[in-house]
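Content type mmCIF, C-alpha atoms and all ligand atoms, from the file final_10.cif:
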```cif
data_structure
loop_
_atom_site.group_PDB
_atom_site.id
_atom_site.type_symbol
_atom_site.label_atom_id
_atom_site.label_comp_id
_atom_site.auth_asym_id
_atom_site.auth_seq_id
_atom_site.Cartn_x
_atom_site.Cartn_y
_atom_site.Cartn_z
ATOM 1 C CA MET A 199 12.252 -2.740 -24.747
ATOM 2 C CA ALA A 200 11.950 0.760 -26.299
ATOM 3 C CA GLN A 201 12.896 3.729 -24.108
ATOM 4 C CA ALA A 202 9.827 4.828 -22.144
ATOM 5 C CA ALA A 203 8.518 8.387 -22.239
ATOM 6 C CA PHE A 204 9.231 10.427 -19.124
ATOM 7 C CA ARG A 205 7.854 13.846 -18.366
ATOM 8 C CA SER A 206 6.937 15.551 -15.122
ATOM 9 C CA PHE A 207 3.459 14.717 -13.845
ATOM 10 C CA ASN A 208 1.105 14.979 -10.875
ATOM 11 C CA LEU A 209 0.320 12.020 -8.684
ATOM 12 C CA ALA A 210 -2.392 11.629 -6.037
ATOM 13 C CA PHE A 211 -2.452 8.887 -3.402
ATOM 14 C CA ILE A 212 -5.764 8.261 -1.664
ATOM 15 C CA GLN A 213 -5.109 6.989 1.846
ATOM 16 C CA LEU A 214 -8.597 5.542 2.013
ATOM 17 C CA GLY A 215 -10.492 5.111 5.274
ATOM 18 C CA LYS A 216 -13.927 3.729 6.176
ATOM 19 C CA ILE A 217 -13.256 0.293 4.653
ATOM 20 C CA GLY A 218 -16.026 -1.734 6.285
ATOM 21 C CA VAL A 219 -17.877 -4.991 5.709
ATOM 22 C CA ASP A 220 -20.326 -3.498 3.188
ATOM 23 C CA LYS A 221 -18.595 -3.735 -0.179
ATOM 24 C CA ALA A 222 -21.091 -1.506 -1.990
ATOM 25 C CA GLU A 223 -20.473 1.261 0.547
ATOM 26 C CA ASN A 224 -16.714 0.824 0.197
ATOM 27 C CA LEU A 225 -17.009 1.181 -3.580
ATOM 28 C CA LYS A 226 -19.159 4.287 -3.288
ATOM 29 C CA HIS A 227 -16.750 5.900 -0.847
ATOM 30 C CA ALA A 228 -13.721 5.027 -3.004
ATOM 31 C CA CYS A 229 -15.483 6.483 -6.048
ATOM 32 C CA ASP A 230 -16.285 9.734 -4.189
ATOM 33 C CA MET A 231 -12.667 9.998 -3.036
ATOM 34 C CA ILE A 232 -11.353 9.429 -6.564
ATOM 35 C CA ARG A 233 -13.588 12.258 -7.799
ATOM 36 C CA THR A 234 -12.311 14.511 -5.015
ATOM 37 C CA ALA A 235 -8.685 13.602 -5.756
ATOM 38 C CA ALA A 236 -9.214 14.191 -9.487
ATOM 39 C CA SER A 237 -10.512 17.699 -8.849
ATOM 40 C CA GLY A 238 -7.133 18.665 -7.394
ATOM 41 C CA GLN A 239 -9.139 20.320 -4.608
ATOM 42 C CA GLY A 240 -8.498 23.802 -5.962
ATOM 43 C CA GLN A 241 -4.764 23.496 -5.367
ATOM 44 C CA ASN A 242 -3.618 23.481 -8.978
ATOM 45 C CA LYS A 243 -2.629 19.861 -8.500
ATOM 46 C CA LYS A 244 -4.994 18.047 -10.837
ATOM 47 C CA PRO A 245 -3.442 14.589 -10.953
ATOM 48 C CA ASP A 246 -2.459 12.633 -14.049
ATOM 49 C CA LEU A 247 -2.466 9.436 -11.998
ATOM 50 C CA ILE A 248 -4.517 8.469 -8.942
ATOM 51 C CA VAL A 249 -3.748 5.503 -6.677
ATOM 52 C CA LEU A 250 -5.876 3.559 -4.173
ATOM 53 C CA PRO A 251 -4.541 1.271 -1.403
ATOM 54 C CA GLU A 252 -4.434 -2.508 -1.003
ATOM 55 C CA PHE A 253 -7.764 -4.290 -0.329
ATOM 56 C CA PHE A 254 -9.909 -1.176 -0.691
ATOM 57 C CA THR A 255 -13.128 -3.245 -0.998
ATOM 58 C CA THR A 256 -12.570 -5.599 1.925
ATOM 59 C CA PRO A 257 -11.249 -5.049 5.464
ATOM 60 C CA LEU A 258 -7.793 -6.589 5.823
ATOM 61 C CA GLY A 259 -7.440 -9.241 8.525
ATOM 62 C CA ASP A 260 -11.044 -10.379 8.030
ATOM 63 C CA ALA A 261 -10.370 -13.582 6.072
ATOM 64 C CA PRO A 262 -13.974 -14.927 6.307
ATOM 65 C CA LEU A 263 -15.113 -11.926 4.232
ATOM 66 C CA ILE A 264 -12.802 -12.768 1.337
ATOM 67 C CA PRO A 265 -15.032 -15.392 -0.339
ATOM 68 C CA THR A 266 -18.104 -13.120 -0.226
ATOM 69 C CA HIS A 267 -16.215 -10.006 -1.377
ATOM 70 C CA ALA A 268 -14.088 -11.696 -4.062
ATOM 71 C CA GLU A 269 -14.854 -10.798 -7.677
ATOM 72 C CA ASP A 270 -14.466 -12.468 -11.050
ATOM 73 C CA ILE A 271 -12.298 -10.162 -13.128
ATOM 74 C CA GLY A 272 -11.433 -12.458 -16.014
ATOM 75 C CA PHE A 273 -8.715 -10.226 -17.477
ATOM 76 C CA THR A 274 -5.766 -11.704 -19.331
ATOM 77 C CA PRO A 275 -2.853 -9.284 -19.784
ATOM 78 C CA GLY A 276 -2.313 -8.392 -23.422
ATOM 79 C CA GLU A 277 -5.792 -9.521 -24.498
ATOM 80 C CA PRO A 278 -8.775 -7.217 -25.185
ATOM 81 C CA TYR A 279 -11.203 -6.865 -22.279
ATOM 82 C CA ASP A 280 -14.885 -5.955 -22.504
ATOM 83 C CA ILE A 281 -15.600 -3.797 -19.444
ATOM 84 C CA THR A 282 -19.335 -3.563 -20.156
ATOM 85 C CA ASN A 283 -19.626 -7.334 -19.743
ATOM 86 C CA SER A 284 -17.283 -7.524 -16.737
ATOM 87 C CA LYS A 285 -18.699 -9.475 -13.788
ATOM 88 C CA SER A 286 -16.782 -7.244 -11.362
ATOM 89 C CA ASP A 287 -18.587 -4.266 -9.780
ATOM 90 C CA SER A 288 -15.232 -2.872 -8.704
ATOM 91 C CA VAL A 289 -13.786 -3.048 -12.206
ATOM 92 C CA LYS A 290 -16.854 -1.281 -13.606
ATOM 93 C CA MET A 291 -16.695 1.471 -10.980
ATOM 94 C CA LEU A 292 -12.954 2.013 -11.451
ATOM 95 C CA SER A 293 -13.248 2.045 -15.225
ATOM 96 C CA ASP A 294 -16.185 4.489 -15.163
ATOM 97 C CA VAL A 295 -14.526 6.921 -12.789
ATOM 98 C CA ALA A 296 -11.185 6.801 -14.647
ATOM 99 C CA LYS A 297 -13.078 7.718 -17.830
ATOM 100 C CA GLU A 298 -15.256 10.350 -16.153
ATOM 101 C CA THR A 299 -12.265 12.088 -14.555
ATOM 102 C CA GLY A 300 -9.904 11.515 -17.503
ATOM 103 C CA THR A 301 -7.097 10.229 -15.276
ATOM 104 C CA TRP A 302 -4.926 7.146 -15.066
ATOM 105 C CA LEU A 303 -5.966 5.019 -12.108
ATOM 106 C CA ILE A 304 -4.140 2.321 -10.157
ATOM 107 C CA GLY A 305 -7.142 0.705 -8.535
ATOM 108 C CA GLY A 306 -5.611 -0.479 -5.264
ATOM 109 C CA SER A 307 -6.254 -4.180 -4.853
ATOM 110 C CA LEU A 308 -9.152 -6.513 -4.116
ATOM 111 C CA PRO A 309 -9.751 -10.231 -3.659
ATOM 112 C CA GLU A 310 -10.090 -11.892 -7.057
ATOM 113 C CA ARG A 311 -11.811 -15.220 -7.648
ATOM 114 C CA ASP A 312 -10.202 -17.260 -10.375
ATOM 115 C CA ALA A 313 -11.141 -20.782 -11.404
ATOM 116 C CA VAL A 314 -7.527 -21.850 -11.764
ATOM 117 C CA LYS A 315 -6.771 -21.496 -8.040
ATOM 118 C CA GLU A 316 -9.933 -23.012 -6.621
ATOM 119 C CA GLY A 317 -10.297 -22.528 -2.890
ATOM 120 C CA LYS A 318 -7.932 -19.565 -2.833
ATOM 121 C CA PHE A 319 -8.142 -16.038 -4.161
ATOM 122 C CA TYR A 320 -5.696 -13.575 -5.623
ATOM 123 C CA ASN A 321 -4.871 -10.187 -4.138
ATOM 124 C CA THR A 322 -5.211 -8.262 -7.393
ATOM 125 C CA CYS A 323 -4.527 -4.729 -8.567
ATOM 126 C CA THR A 324 -6.102 -3.416 -11.785
ATOM 127 C CA VAL A 325 -4.964 -0.363 -13.756
ATOM 128 C CA TYR A 326 -7.067 1.892 -16.017
ATOM 129 C CA ASN A 327 -6.218 4.514 -18.612
ATOM 130 C CA PRO A 328 -8.141 7.821 -18.941
ATOM 131 C CA LYS A 329 -10.468 6.161 -21.478
ATOM 132 C CA GLY A 330 -11.501 3.703 -18.772
ATOM 133 C CA GLU A 331 -9.759 0.729 -20.394
ATOM 134 C CA LEU A 332 -8.297 -1.922 -18.118
ATOM 135 C CA VAL A 333 -4.648 -1.985 -19.215
ATOM 136 C CA ALA A 334 -2.776 -3.986 -16.565
ATOM 137 C CA ARG A 335 -3.284 -6.392 -13.706
ATOM 138 C CA HIS A 336 -0.923 -7.326 -10.878
ATOM 139 C CA ARG A 337 -1.517 -10.269 -8.581
ATOM 140 C CA LYS A 338 0.468 -9.947 -5.343
ATOM 141 C CA MET A 339 3.467 -12.209 -5.890
ATOM 142 C CA HIS A 340 4.926 -12.459 -2.404
ATOM 143 C CA LEU A 341 2.477 -13.295 0.380
ATOM 144 C CA PHE A 342 2.500 -11.844 3.872
ATOM 145 C CA ASP A 343 3.436 -14.942 5.887
ATOM 146 C CA ILE A 344 5.357 -13.737 8.931
ATOM 147 C CA ASP A 345 5.764 -14.516 12.612
ATOM 148 C CA ILE A 346 7.249 -11.957 14.972
ATOM 149 C CA PRO A 347 6.544 -13.511 18.403
ATOM 150 C CA GLY A 348 4.549 -11.262 20.695
ATOM 151 C CA LYS A 349 3.922 -8.771 17.892
ATOM 152 C CA ILE A 350 2.343 -10.152 14.752
ATOM 153 C CA THR A 351 1.666 -13.440 13.048
ATOM 154 C CA ALA A 352 0.128 -13.481 9.585
ATOM 155 C CA LYS A 353 -0.442 -16.191 7.004
ATOM 156 C CA GLU A 354 -1.893 -14.588 3.912
ATOM 157 C CA SER A 355 -1.193 -17.785 1.973
ATOM 158 C CA ASP A 356 -4.011 -19.527 3.889
ATOM 159 C CA THR A 357 -6.507 -17.678 1.689
ATOM 160 C CA ILE A 358 -4.523 -16.006 -1.086
ATOM 161 C CA ALA A 359 -2.658 -17.600 -3.979
ATOM 162 C CA SER A 360 0.466 -15.874 -5.252
ATOM 163 C CA GLY A 361 0.632 -14.255 -8.669
ATOM 164 C CA ASP A 362 3.415 -15.215 -10.992
ATOM 165 C CA ALA A 363 4.052 -12.217 -13.226
ATOM 166 C CA LEU A 364 5.763 -8.868 -13.002
ATOM 167 C CA THR A 365 3.607 -5.904 -13.958
ATOM 168 C CA MET A 366 4.428 -2.641 -15.662
ATOM 169 C CA PHE A 367 2.514 -0.305 -17.939
ATOM 170 C CA ASP A 368 3.232 2.674 -20.146
ATOM 171 C CA THR A 369 1.507 6.031 -19.863
ATOM 172 C CA GLU A 370 2.232 9.145 -21.927
ATOM 173 C CA PHE A 371 4.348 10.422 -18.990
ATOM 174 C CA ALA A 372 6.207 7.373 -17.542
ATOM 175 C CA ARG A 373 6.662 3.628 -17.468
ATOM 176 C CA ILE A 374 5.280 2.480 -14.132
ATOM 177 C CA GLY A 375 6.004 -0.756 -12.275
ATOM 178 C CA VAL A 376 3.372 -2.160 -9.927
ATOM 179 C CA GLY A 377 3.716 -4.391 -6.871
ATOM 180 C CA ILE A 378 1.533 -4.937 -3.819
ATOM 181 C CA CYS A 379 2.666 -4.302 -0.230
ATOM 182 C CA TYR A 380 4.878 -7.251 0.838
ATOM 183 C CA ASP A 381 6.302 -7.328 -2.722
ATOM 184 C CA ILE A 382 8.464 -4.339 -1.640
ATOM 185 C CA ARG A 383 10.568 -6.665 0.516
ATOM 186 C CA PHE A 384 11.880 -8.418 -2.582
ATOM 187 C CA PRO A 385 14.425 -6.120 -4.226
ATOM 188 C CA GLU A 386 14.546 -8.305 -7.321
ATOM 189 C CA LEU A 387 11.055 -7.186 -8.362
ATOM 190 C CA ALA A 388 11.932 -3.495 -8.213
ATOM 191 C CA MET A 389 15.332 -4.107 -9.833
ATOM 192 C CA ILE A 390 13.854 -5.918 -12.814
ATOM 193 C CA ALA A 391 11.164 -3.244 -13.279
ATOM 194 C CA ALA A 392 13.800 -0.491 -13.195
ATOM 195 C CA ARG A 393 16.054 -2.357 -15.617
ATOM 196 C CA ARG A 394 13.078 -2.696 -17.950
ATOM 197 C CA GLY A 395 12.747 1.074 -18.013
ATOM 198 C CA CYS A 396 10.289 1.914 -15.226
ATOM 199 C CA GLN A 397 11.013 5.355 -13.810
ATOM 200 C CA VAL A 398 8.291 5.083 -11.170
ATOM 201 C CA LEU A 399 7.289 2.150 -8.936
ATOM 202 C CA ILE A 400 3.932 2.177 -7.154
ATOM 203 C CA TYR A 401 2.714 -0.388 -4.635
ATOM 204 C CA PRO A 402 -0.812 -0.273 -3.180
ATOM 205 C CA SER A 403 -0.202 -1.374 0.406
ATOM 206 C CA ALA A 404 -1.185 -1.699 4.050
ATOM 207 C CA PHE A 405 1.755 -2.405 6.352
ATOM 208 C CA SER A 406 1.168 -3.625 9.888
ATOM 209 C CA MET A 407 1.806 -1.392 12.898
ATOM 210 C CA THR A 408 4.907 -3.360 13.923
ATOM 211 C CA THR A 409 6.527 -3.618 10.527
ATOM 212 C CA GLY A 410 5.336 -0.191 9.459
ATOM 213 C CA GLU A 411 7.220 1.533 12.208
ATOM 214 C CA LEU A 412 10.365 -0.474 11.445
ATOM 215 C CA HIS A 413 10.431 -0.766 7.692
ATOM 216 C CA TRP A 414 7.824 1.300 5.814
ATOM 217 C CA GLU A 415 9.999 4.306 5.064
ATOM 218 C CA LEU A 416 13.266 2.373 5.031
ATOM 219 C CA LEU A 417 12.159 -0.069 2.318
ATOM 220 C CA GLN A 418 10.814 2.662 0.065
ATOM 221 C CA ARG A 419 13.973 4.719 0.350
ATOM 222 C CA LEU A 420 16.090 1.621 -0.314
ATOM 223 C CA ARG A 421 14.176 0.629 -3.447
ATOM 224 C CA ALA A 422 14.277 4.239 -4.681
ATOM 225 C CA VAL A 423 18.023 4.641 -4.157
ATOM 226 C CA ASP A 424 18.996 1.136 -5.328
ATOM 227 C CA ASN A 425 17.189 1.616 -8.595
ATOM 228 C CA GLN A 426 17.256 5.410 -8.963
ATOM 229 C CA VAL A 427 13.499 5.577 -9.439
ATOM 230 C CA PHE A 428 10.561 7.298 -7.793
ATOM 231 C CA MET A 429 8.985 4.889 -5.306
ATOM 232 C CA GLY A 430 5.577 5.230 -3.696
ATOM 233 C CA MET A 431 3.353 3.132 -1.441
ATOM 234 C CA CYS A 432 -0.302 4.053 -0.953
ATOM 235 C CA SER A 433 -1.762 2.704 2.299
ATOM 236 C CA CYS A 434 -5.231 2.371 3.791
ATOM 237 C CA ALA A 435 -5.909 4.786 6.645
ATOM 238 C CA ARG A 436 -5.559 3.430 10.185
ATOM 239 C CA ASP A 437 -8.807 2.236 11.742
ATOM 240 C CA ALA A 438 -8.543 1.744 15.509
ATOM 241 C CA LYS A 439 -11.499 -0.689 15.421
ATOM 242 C CA ALA A 440 -10.245 -2.841 12.529
ATOM 243 C CA LYS A 441 -8.816 -6.341 13.024
ATOM 244 C CA PHE A 442 -5.765 -5.318 10.994
ATOM 245 C CA LYS A 443 -4.614 -1.826 11.837
ATOM 246 C CA ALA A 444 -2.745 -0.298 8.923
ATOM 247 C CA TRP A 445 0.331 1.840 9.493
ATOM 248 C CA GLY A 446 -0.888 4.531 7.074
ATOM 249 C CA HIS A 447 1.800 7.100 6.163
ATOM 250 C CA SER A 448 1.330 6.784 2.395
ATOM 251 C CA MET A 449 4.581 8.012 0.954
ATOM 252 C CA VAL A 450 6.453 8.995 -2.195
ATOM 253 C CA VAL A 451 10.257 9.016 -2.347
ATOM 254 C CA ASP A 452 12.483 10.491 -5.061
ATOM 255 C CA PRO A 453 15.447 8.708 -6.759
ATOM 256 C CA MET A 454 17.911 10.182 -4.205
ATOM 257 C CA GLY A 455 15.871 8.720 -1.354
ATOM 258 C CA LYS A 456 14.287 11.983 -0.274
ATOM 259 C CA VAL A 457 10.719 11.701 1.063
ATOM 260 C CA LEU A 458 8.648 13.992 -1.178
ATOM 261 C CA ALA A 459 5.350 13.513 0.628
ATOM 262 C CA GLU A 460 3.973 11.559 3.550
ATOM 263 C CA ALA A 461 0.430 11.160 4.878
ATOM 264 C CA GLY A 462 -0.453 10.827 8.542
ATOM 265 C CA GLU A 463 -2.626 7.984 9.829
ATOM 266 C CA ASP A 464 -6.130 9.164 8.912
ATOM 267 C CA GLU A 465 -7.932 9.348 5.612
ATOM 268 C CA GLU A 466 -6.151 11.848 3.408
ATOM 269 C CA ILE A 467 -5.247 12.610 -0.196
ATOM 270 C CA VAL A 468 -1.556 13.208 -0.825
ATOM 271 C CA TYR A 469 -0.557 15.140 -3.947
ATOM 272 C CA VAL A 470 2.973 14.962 -5.327
ATOM 273 C CA ARG A 471 4.668 16.468 -8.356
ATOM 274 C CA ILE A 472 7.058 13.998 -10.002
ATOM 275 C CA GLU A 473 9.853 16.000 -11.645
ATOM 276 C CA THR A 474 11.916 14.335 -14.360
ATOM 277 C CA GLU A 475 15.003 16.404 -13.488
ATOM 278 C CA GLU A 476 15.275 14.648 -10.112
ATOM 279 C CA LEU A 477 15.717 11.314 -11.851
ATOM 280 C CA ASP A 478 18.241 12.684 -14.388
ATOM 281 C CA ARG A 479 20.204 14.385 -11.616
ATOM 282 C CA ALA A 480 20.397 11.204 -9.525
ATOM 283 C CA ARG A 481 21.432 9.014 -12.461
ATOM 284 C CA GLN A 482 24.017 11.479 -13.781
ATOM 285 C CA GLY A 483 25.486 12.238 -10.362
ATOM 286 C CA ILE A 484 25.769 8.622 -9.215
ATOM 287 C CA PRO A 485 25.915 6.546 -12.422
ATOM 288 C CA VAL A 486 25.503 3.086 -10.861
ATOM 289 C CA SER A 487 23.613 1.651 -13.817
ATOM 290 C CA GLY A 488 26.803 1.708 -15.914
ATOM 291 C CA GLN A 489 28.950 0.462 -13.043
ATOM 292 C CA ARG A 490 27.191 -2.795 -12.224
ATOM 293 C CA ARG A 491 29.352 -5.920 -12.452
ATOM 294 C CA PHE A 492 27.083 -8.432 -14.100
ATOM 295 C CA ASP A 493 30.268 -10.081 -15.380
ATOM 296 C CA VAL A 494 30.985 -11.033 -11.752
ATOM 297 C CA TYR A 495 27.530 -11.526 -10.206
ATOM 298 C CA GLY A 496 26.567 -14.500 -12.405
ATOM 299 C CA ASN A 497 23.080 -15.930 -12.104
ATOM 300 C CA ILE A 498 22.058 -15.047 -8.541
ATOM 301 C CA ALA A 499 19.008 -17.325 -8.779
ATOM 302 C CA LEU A 500 21.398 -20.292 -8.723
ATOM 303 C CA PHE A 501 22.965 -19.362 -5.377
ATOM 304 C CA PRO A 502 21.825 -21.418 -2.379
ATOM 305 C CA ASP A 503 19.722 -19.502 0.182
HETATM 306 N N1 LIG B 1 0.749 -6.413 4.792
HETATM 307 C C1 LIG B 1 1.730 -6.777 3.974
HETATM 308 O O1 LIG B 1 1.508 -7.398 2.963
HETATM 309 C C2 LIG B 1 3.142 -6.451 4.266
HETATM 310 C C3 LIG B 1 3.587 -5.939 5.559
HETATM 311 O O2 LIG B 1 2.833 -5.487 6.414
HETATM 312 C C4 LIG B 1 5.035 -6.008 5.763
HETATM 313 O O3 LIG B 1 5.769 -6.418 4.855
HETATM 314 O O4 LIG B 1 5.500 -5.672 6.839
#
```

Produce structure tokens that represent the structure in this file.
Amino acid sequence: MAQAAFRSFNLAFIQLGKIGVDKAENLKHACDMIRTAASGQGQNKKPDLIVLPEFFTTPLGDAPLIPTHAEDIGFTPGEPYDITNSKSDSVKMLSDVAKETGTWLIGGSLPERDAVKEGKFYNTCTVYNPKGELVARHRKMHLFDIDIPGKITAKESDTIASGDALTMFDTEFARIGVGICYDIRFPELAMIAARRGCQVLIYPSAFSMTTGELHWELLQRLRAVDNQVFMGMCSCARDAKAKFKAWGHSMVVDPMGKVLAEAGEDEEIVYVRIETEELDRARQGIPVSGQRRFDVYGNIALFPD
């Protein structure tokens, strides 16, 4: 793969709140927030890339809403896509606002209906360029099936089917790898993206209160340091009345593991400047990429669990 461009750029994470049962209202609110983020709010921070959180159209933890809120996207990576004939209201809104604001947009994620996985849905992120073209799609690969007795039990795989492809896209300023939430727990995904030239990894997310406190920051700093990349996770805001209360704390970490920005729990837009020198400094100072021992590791996929 050719070396990806990398220049400093501005990033905005929208820690979106007010995600209720009315999808049309959620879309309108997300659109308003994207416009606000794109303005830079008079702080000389006009973003090149804006990011929304996981499941921004549908309240997390409300599985019965998934079938009614799911959308037909019908995008195949690498093939042309006709937005004007898209059946997805969310795709149309995201495309329009990316074009209107002239920014790259990682459109969080939403439940996607796809004929191939009848009965289940995908948890899908779509990405738009400043012309409003849909350029990439990530379907959450690793599903949130956990059981911490007395704290949290979740079985996302009851309603969601897992995606089976890694996702990255090129902008004029960076190659960006995309995952969704629980995908962060699988270092292989981040490692492959970094080895394929991604300088920045972004995961729309919504960690639980239990796991958020324990692992939210830790995992992001690990992935950033392991791979010497910028790592960011954009969460939904915490809603005390929601069935699933999100940890919040949307965050961006630099390649040395330093937290560059962190939101609180409420709705908020976080602006961050991504500086190329930080990546060069980390890679030159600690040159792990040339020190790996692939001659010894062998094919780790063959090892028993
Ligand atoms: N909600 C998720 O997908 C992941 C999460 O909360 C965790 O990994 O912890």

Counting only C-alpha atoms and all ligand atoms, figure out which residue out of A:Met431, A:Ala422, A:Ala268, A:Cys229 gets nearest to ligand LIG 1 (chain B).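 Using only C-alpha atoms and all ligand atoms, ligand LIG 1 (chain B) sits closest to A:Met431.
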
Can you work out which one of A:Glu463, A:Glu252, A:Asp343, A:Glu223 has the shortest atom-to-atom distance to Ser355 of chain A, counting only C-alpha atoms? A:Asp343

What does the list of residues within 10 Å of ligand LIG 1 (chain B) look like if you count all atoms listed in the file, written as a count of residues only? 40

Distance criterion (all atoms listed in the file): nearest to Leu364 of chain A out of A:Pro275, A:Thr266, A:Asp345, A:Pro309: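 Of the candidates, the smallest distance to Leu364 of chain A is held by A:Pro275.
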
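You can rank A:Glu277, A:Glu310, A:Glu473, A:Asp230 by their closest distance to Ile212 of chain A using only C-alpha atoms, and at the top of that list sits A:Asp230.
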
Could you expand the PyMOL selection byres (((chain A and resi 423) around 6) and not hetatm) into the explicit residues it covers here, written as a VMD selection string? chain A and resid 420 to 422 424 to 426 453 to 455

Quick one: which segment 442-477 of chain A residues come within 10 Å of segment 388-399 of chain A, and what is the nearest atom pair for each with the distance in Å to one decimal, counting all atoms listed in the file, rows ordered by chain and ascending number, as a tab-separated table?
```
residue	atom	partner	partner_atom	distance
A:Val450	CA	A:Leu399	CA	9.6
A:Val451	CA	A:Val398	CA	9.9
A:Asp452	CA	A:Val398	CA	9.2
A:Pro453	CA	A:Gln397	CA	9.0
A:Ile472	CA	A:Val398	CA	9.1
A:Thr474	CA	A:Gln397	CA	9.0
A:Leu477	CA	A:Gln397	CA	7.8
```

Residues within 8 Å of Ala236 of chain A, please, as an mmCIF file with C-alpha atoms, in the frame of the given file. Count only C-alpha atoms; anything in the same chain fewer than 5 positions from it doesn't count.
```cif
data_model
loop_
_atom_site.group_PDB
_atom_site.id
_atom_site.type_symbol
_atom_site.label_atom_id
_atom_site.label_comp_id
_atom_site.auth_asym_id
_atom_site.auth_seq_id
_atom_site.Cartn_x
_atom_site.Cartn_y
_atom_site.Cartn_z
ATOM 1 C CA LYS A 244 -4.994 18.047 -10.837
ATOM 2 C CA PRO A 245 -3.442 14.589 -10.953
ATOM 3 C CA ILE A 248 -4.517 8.469 -8.942
ATOM 4 C CA THR A 299 -12.265 12.088 -14.555
ATOM 5 C CA THR A 301 -7.097 10.229 -15.276
#
```

Neighbour list for Ala459 of chain A as a ChimeraX atom specification, cut-off 9 Å, only C-alpha atoms, skip fewer than 5 positions in-chain: /A:448-451,468-470

Answer as a PDB file with C-alpha atoms, in the frame of the given file, residues within 12 Å of (-4.9, 10.5, -13.7) using only C-alpha atoms:
```
ATOM      1  CA  PHE A 207       3.459  14.717 -13.845  1.00  0.00           C
ATOM      2  CA  ASN A 208       1.105  14.979 -10.875  1.00  0.00           C
ATOM      3  CA  LEU A 209       0.320  12.020  -8.684  1.00  0.00           C
ATOM      4  CA  ALA A 210      -2.392  11.629  -6.037  1.00  0.00           C
ATOM      5  CA  PHE A 211      -2.452   8.887  -3.402  1.00  0.00           C
ATOM      6  CA  ILE A 232     -11.353   9.429  -6.564  1.00  0.00           C
ATOM      7  CA  ARG A 233     -13.588  12.258  -7.799  1.00  0.00           C
ATOM      8  CA  ALA A 235      -8.685  13.602  -5.756  1.00  0.00           C
ATOM      9  CA  ALA A 236      -9.214  14.191  -9.487  1.00  0.00           C
ATOM     10  CA  SER A 237     -10.512  17.699  -8.849  1.00  0.00           C
ATOM     11  CA  GLY A 238      -7.133  18.665  -7.394  1.00  0.00           C
ATOM     12  CA  LYS A 243      -2.629  19.861  -8.500  1.00  0.00           C
ATOM     13  CA  LYS A 244      -4.994  18.047 -10.837  1.00  0.00           C
ATOM     14  CA  PRO A 245      -3.442  14.589 -10.953  1.00  0.00           C
ATOM     15  CA  ASP A 246      -2.459  12.633 -14.049  1.00  0.00           C
ATOM     16  CA  LEU A 247      -2.466   9.436 -11.998  1.00  0.00           C
ATOM     17  CA  ILE A 248      -4.517   8.469  -8.942  1.00  0.00           C
ATOM     18  CA  VAL A 249      -3.748   5.503  -6.677  1.00  0.00           C
ATOM     19  CA  LEU A 250      -5.876   3.559  -4.173  1.00  0.00           C
ATOM     20  CA  LEU A 292     -12.954   2.013 -11.451  1.00  0.00           C
ATOM     21  CA  SER A 293     -13.248   2.045 -15.225  1.00  0.00           C
ATOM     22  CA  VAL A 295     -14.526   6.921 -12.789  1.00  0.00           C
ATOM     23  CA  ALA A 296     -11.185   6.801 -14.647  1.00  0.00           C
ATOM     24  CA  LYS A 297     -13.078   7.718 -17.830  1.00  0.00           C
ATOM     25  CA  GLU A 298     -15.256  10.350 -16.153  1.00  0.00           C
ATOM     26  CA  THR A 299     -12.265  12.088 -14.555  1.00  0.00           C
ATOM     27  CA  GLY A 300      -9.904  11.515 -17.503  1.00  0.00           C
ATOM     28  CA  THR A 301      -7.097  10.229 -15.276  1.00  0.00           C
ATOM     29  CA  TRP A 302      -4.926   7.146 -15.066  1.00  0.00           C
ATOM     30  CA  LEU A 303      -5.966   5.019 -12.108  1.00  0.00           C
ATOM     31  CA  ILE A 304      -4.140   2.321 -10.157  1.00  0.00           C
ATOM     32  CA  GLY A 305      -7.142   0.705  -8.535  1.00  0.00           C
ATOM     33  CA  VAL A 325      -4.964  -0.363 -13.756  1.00  0.00           C
ATOM     34  CA  TYR A 326      -7.067   1.892 -16.017  1.00  0.00           C
ATOM     35  CA  ASN A 327      -6.218   4.514 -18.612  1.00  0.00           C
ATOM     36  CA  PRO A 328      -8.141   7.821 -18.941  1.00  0.00           C
ATOM     37  CA  LYS A 329     -10.468   6.161 -21.478  1.00  0.00           C
ATOM     38  CA  GLY A 330     -11.501   3.703 -18.772  1.00  0.00           C
ATOM     39  CA  THR A 369       1.507   6.031 -19.863  1.00  0.00           C
ATOM     40  CA  GLU A 370       2.232   9.145 -21.927  1.00  0.00           C
ATOM     41  CA  PHE A 371       4.348  10.422 -18.990  1.00  0.00           C
ATOM     42  CA  TYR A 469      -0.557  15.140  -3.947  1.00  0.00           C
TER      43      TYR A 469
END
```

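For the residues A:Ile217, A:Met339, A:Ala261, A:Ala372, ranking by smallest atom-to-atom distance to Arg205 of chain A using all atoms listed in the file places A:Ala372 first.
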
Length of the atom CA of Phe367 of chain A to atom CA of Gln418 of chain A vector [Å]: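 Atom CA of Gln418 of chain A lies 20.0 Å from atom CA of Phe367 of chain A.
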
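Going from atom CA of His336 of chain A over to atom CA of Thr255 of chain A, you cover 16.2 Å.
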
In Å, how far is it from atom CA of Leu332 of chain A to atom CA of Ser286 of chain A?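 Distance between the two atoms: 12.1 Å.
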
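Each of A:Gly240, A:Ala222, A:Ala359, A:Ile346 was compared to Glu316 of chain A using only C-alpha atoms, and A:Ala359 turns out to be the nearest.
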